[in-house]
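Chemist: Starting off with a structure, shown below.
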Amino acid sequence: MKLENVVRFVLVLCLMMGLAACASNTARTPSTPEPQTPSTVVPPTSKFAKLEIGMSRPQVHEKIGAASDFKMIASGKAWIPFYFGPDRTRTIDYYKNEGRLVYSGGNNRLVDIVYDPDEDGYRD
């Protein structure tokens with residue numbers, strides 16, 4: 001009977017320690033996102049100058065037209081086990097003589113503008 005009580009005590013103690021390790025006593029405060037900027041400088045004469053980070057893909061196509069080509073790639077988050085959230089893919093639109101636009105796969109929002117006047121407009 002004593003051994004059984006000791007085993008129960010140890011199990012309850014381990015369970016309590018495990019739950020305490022998962023607990024957090026810091027309050028989460030909503031942070032204001034910092035404004036993002038494109039990874040390259042876009043000249044004001046470019047079509048890309050009309051765009052802003054965070055625009056949806058249909059908004060971009062409405063403003064500057066459809067891309068010459070596009071490609072979908074897996075982001076690093078696609079390889080995280082048990083990650084079922086957004087942003088597992090990226091979509092890259094190629095514009096001839098302008099560069100590339102990168103969209104998040106989760107919400108299809110513009111996340112980067114890569115200005116490259118030597119862009120041929122086709123994926124590699």
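Going through the structure tokens in order, the chains are called A, B, and so on, while each chain numbers its residues from 1 and the ligands are numbered from 1 in the order shown.
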Taking only residues of range 37-70 of chain A that have an atom at most 9 Å from an atom of range 85-108 of chain A, what is each one's shortest atom pair and its distance in Å to one decimal, using only C-alpha atoms, in chain and number order, as JSON lines?
Modeler:
```
{"residue": "A:Ser46", "atom": "CA", "partner": "A:Glu98", "partner_atom": "CA", "distance": 7.0}
{"residue": "A:Lys47", "atom": "CA", "partner": "A:Glu98", "partner_atom": "CA", "distance": 7.4}
{"residue": "A:Phe48", "atom": "CA", "partner": "A:Glu98", "partner_atom": "CA", "distance": 7.4}
{"residue": "A:Gly54", "atom": "CA", "partner": "A:Tyr103", "partner_atom": "CA", "distance": 8.8}
{"residue": "A:Met55", "atom": "CA", "partner": "A:Asn108", "partner_atom": "CA", "distance": 8.6}
{"residue": "A:Ser56", "atom": "CA", "partner": "A:Asn108", "partner_atom": "CA", "distance": 5.9}
{"residue": "A:Arg57", "atom": "CA", "partner": "A:Asn108", "partner_atom": "CA", "distance": 6.1}
{"residue": "A:Pro58", "atom": "CA", "partner": "A:Asn108", "partner_atom": "CA", "distance": 8.9}
{"residue": "A:Ala66", "atom": "CA", "partner": "A:Tyr95", "partner_atom": "CA", "distance": 8.3}
{"residue": "A:Ala67", "atom": "CA", "partner": "A:Tyr95", "partner_atom": "CA", "distance": 5.2}
{"residue": "A:Ser68", "atom": "CA", "partner": "A:Tyr95", "partner_atom": "CA", "distance": 5.4}
{"residue": "A:Asp69", "atom": "CA", "partner": "A:Tyr94", "partner_atom": "CA", "distance": 5.2}
{"residue": "A:Phe70", "atom": "CA", "partner": "A:Asp93", "partner_atom": "CA", "distance": 4.3}
```
Chemist: I need the chosen residues saved as a PDB file, in the first residue's frame, with C-alpha atoms.
Modeler:
```
ATOM      1  CA  SER A  46       8.726  52.056 -62.274  1.00  0.00           C
ATOM      2  CA  LYS A  47       5.300  50.392 -62.233  1.00  0.00           C
ATOM      3  CA  PHE A  48       6.308  48.958 -58.865  1.00  0.00           C
ATOM      4  CA  GLY A  54       0.519  44.248 -47.832  1.00  0.00           C
ATOM      5  CA  MET A  55      -1.593  44.704 -50.967  1.00  0.00           C
ATOM      6  CA  SER A  56      -3.498  41.664 -52.194  1.00  0.00           C
ATOM      7  CA  ARG A  57      -2.527  39.971 -55.447  1.00  0.00           C
ATOM      8  CA  PRO A  58      -5.759  40.989 -57.255  1.00  0.00           C
ATOM      9  CA  ALA A  66      -0.857  40.720 -64.966  1.00  0.00           C
ATOM     10  CA  ALA A  67       2.603  39.242 -64.646  1.00  0.00           C
ATOM     11  CA  SER A  68       4.590  37.703 -67.510  1.00  0.00           C
ATOM     12  CA  ASP A  69       5.007  34.488 -65.491  1.00  0.00           C
ATOM     13  CA  PHE A  70       4.674  33.205 -61.936  1.00  0.00           C
TER      14      PHE A  70
END
```
Chemist: Go through chain A and collect every residue that DSSP, computed from the backbone, puts in alpha helix (DSSP H); the answer should be as number ranges by chain.
Modeler: A: 2-22, 57-64
Chemist: Can I get the selection written as a short mmCIF file (atom, residue, chain, number, x, y, z; two decimals), in the first residue's frame, with N, CA and C atoms?
Modeler:
```
data_model
loop_
_atom_site.label_atom_id
_atom_site.label_comp_id
_atom_site.auth_asym_id
_atom_site.auth_seq_id
_atom_site.Cartn_x
_atom_site.Cartn_y
_atom_site.Cartn_z
N LYS A 2 1.97 1.27 0.73
CA LYS A 2 2.85 2.44 0.76
C LYS A 2 3.48 2.69 -0.60
N LEU A 3 3.89 1.65 -1.29
CA LEU A 3 4.51 1.79 -2.61
C LEU A 3 3.53 2.40 -3.60
N GLU A 4 2.29 2.00 -3.51
CA GLU A 4 1.26 2.54 -4.39
C GLU A 4 1.07 4.04 -4.15
N ASN A 5 1.07 4.46 -2.89
CA ASN A 5 0.92 5.89 -2.57
C ASN A 5 2.12 6.69 -3.05
N VAL A 6 3.32 6.12 -2.95
CA VAL A 6 4.53 6.80 -3.40
C VAL A 6 4.49 6.97 -4.92
N VAL A 7 4.04 5.94 -5.62
CA VAL A 7 3.94 6.02 -7.09
C VAL A 7 2.94 7.08 -7.50
N ARG A 8 1.80 7.14 -6.82
CA ARG A 8 0.79 8.17 -7.12
C ARG A 8 1.37 9.56 -6.88
N PHE A 9 2.06 9.72 -5.76
CA PHE A 9 2.64 11.01 -5.42
C PHE A 9 3.64 11.46 -6.49
N VAL A 10 4.49 10.56 -6.93
CA VAL A 10 5.49 10.88 -7.95
C VAL A 10 4.81 11.23 -9.27
N LEU A 11 3.78 10.50 -9.64
CA LEU A 11 3.07 10.81 -10.89
C LEU A 11 2.39 12.17 -10.83
N VAL A 12 1.74 12.47 -9.71
CA VAL A 12 1.08 13.77 -9.56
C VAL A 12 2.12 14.88 -9.56
N LEU A 13 3.24 14.65 -8.91
CA LEU A 13 4.31 15.65 -8.88
C LEU A 13 4.86 15.92 -10.29
N CYS A 14 5.07 14.86 -11.06
CA CYS A 14 5.56 15.02 -12.44
C CYS A 14 4.55 15.76 -13.29
N LEU A 15 3.27 15.46 -13.12
CA LEU A 15 2.22 16.14 -13.87
C LEU A 15 2.19 17.62 -13.53
N MET A 16 2.30 17.95 -12.26
CA MET A 16 2.29 19.35 -11.84
C MET A 16 3.50 20.10 -12.37
N MET A 17 4.65 19.45 -12.35
CA MET A 17 5.85 20.10 -12.87
C MET A 17 5.74 20.32 -14.37
N GLY A 18 5.18 19.35 -15.08
CA GLY A 18 5.00 19.49 -16.52
C GLY A 18 4.06 20.63 -16.86
N LEU A 19 2.96 20.76 -16.12
CA LEU A 19 2.02 21.86 -16.37
C LEU A 19 2.63 23.20 -16.00
N ALA A 20 3.40 23.24 -14.94
CA ALA A 20 4.04 24.49 -14.54
C ALA A 20 5.07 24.93 -15.57
N ALA A 21 5.73 23.99 -16.22
CA ALA A 21 6.72 24.34 -17.23
C ALA A 21 6.07 24.95 -18.46
N CYS A 22 4.83 24.58 -18.73
CA CYS A 22 4.13 25.10 -19.90
C CYS A 22 3.49 26.46 -19.63
N ARG A 57 -2.96 40.26 -54.07
CA ARG A 57 -2.53 39.97 -55.45
C ARG A 57 -3.51 40.52 -56.48
N PRO A 58 -4.84 40.38 -56.29
CA PRO A 58 -5.76 40.99 -57.26
C PRO A 58 -5.64 42.52 -57.32
N GLN A 59 -5.38 43.16 -56.18
CA GLN A 59 -5.19 44.62 -56.19
C GLN A 59 -3.97 45.00 -57.01
N VAL A 60 -2.89 44.24 -56.85
CA VAL A 60 -1.66 44.51 -57.60
C VAL A 60 -1.91 44.34 -59.09
N HIS A 61 -2.57 43.26 -59.47
CA HIS A 61 -2.84 43.02 -60.90
C HIS A 61 -3.76 44.09 -61.48
N GLU A 62 -4.65 44.61 -60.66
CA GLU A 62 -5.53 45.67 -61.12
C GLU A 62 -4.75 46.97 -61.35
N LYS A 63 -3.76 47.23 -60.49
CA LYS A 63 -2.97 48.46 -60.61
C LYS A 63 -1.94 48.42 -61.72
N ILE A 64 -1.21 47.30 -61.86
CA ILE A 64 -0.09 47.30 -62.81
C ILE A 64 -0.22 46.23 -63.89
#
```
Chemist: Kindly give the distance, in Å, that separates CA of Thr40 in chain A and CA of Asp118 in chain A, rounded to a single decimal.
Modeler: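 These atoms are spaced 13.7 Å apart.
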Chemist: Between CA of Ala78 in chain A and CA of Tyr115 in chain A, what is the spacing in Å?
Modeler: 26.6 Å
Chemist: Looking only at strand (DSSP E or B) from DSSP on the backbone, list the matching residues of range 10-123 of chain A as a ChimeraX atom specification.
Modeler: /A:56,69-74,89-95,99-104,109-115
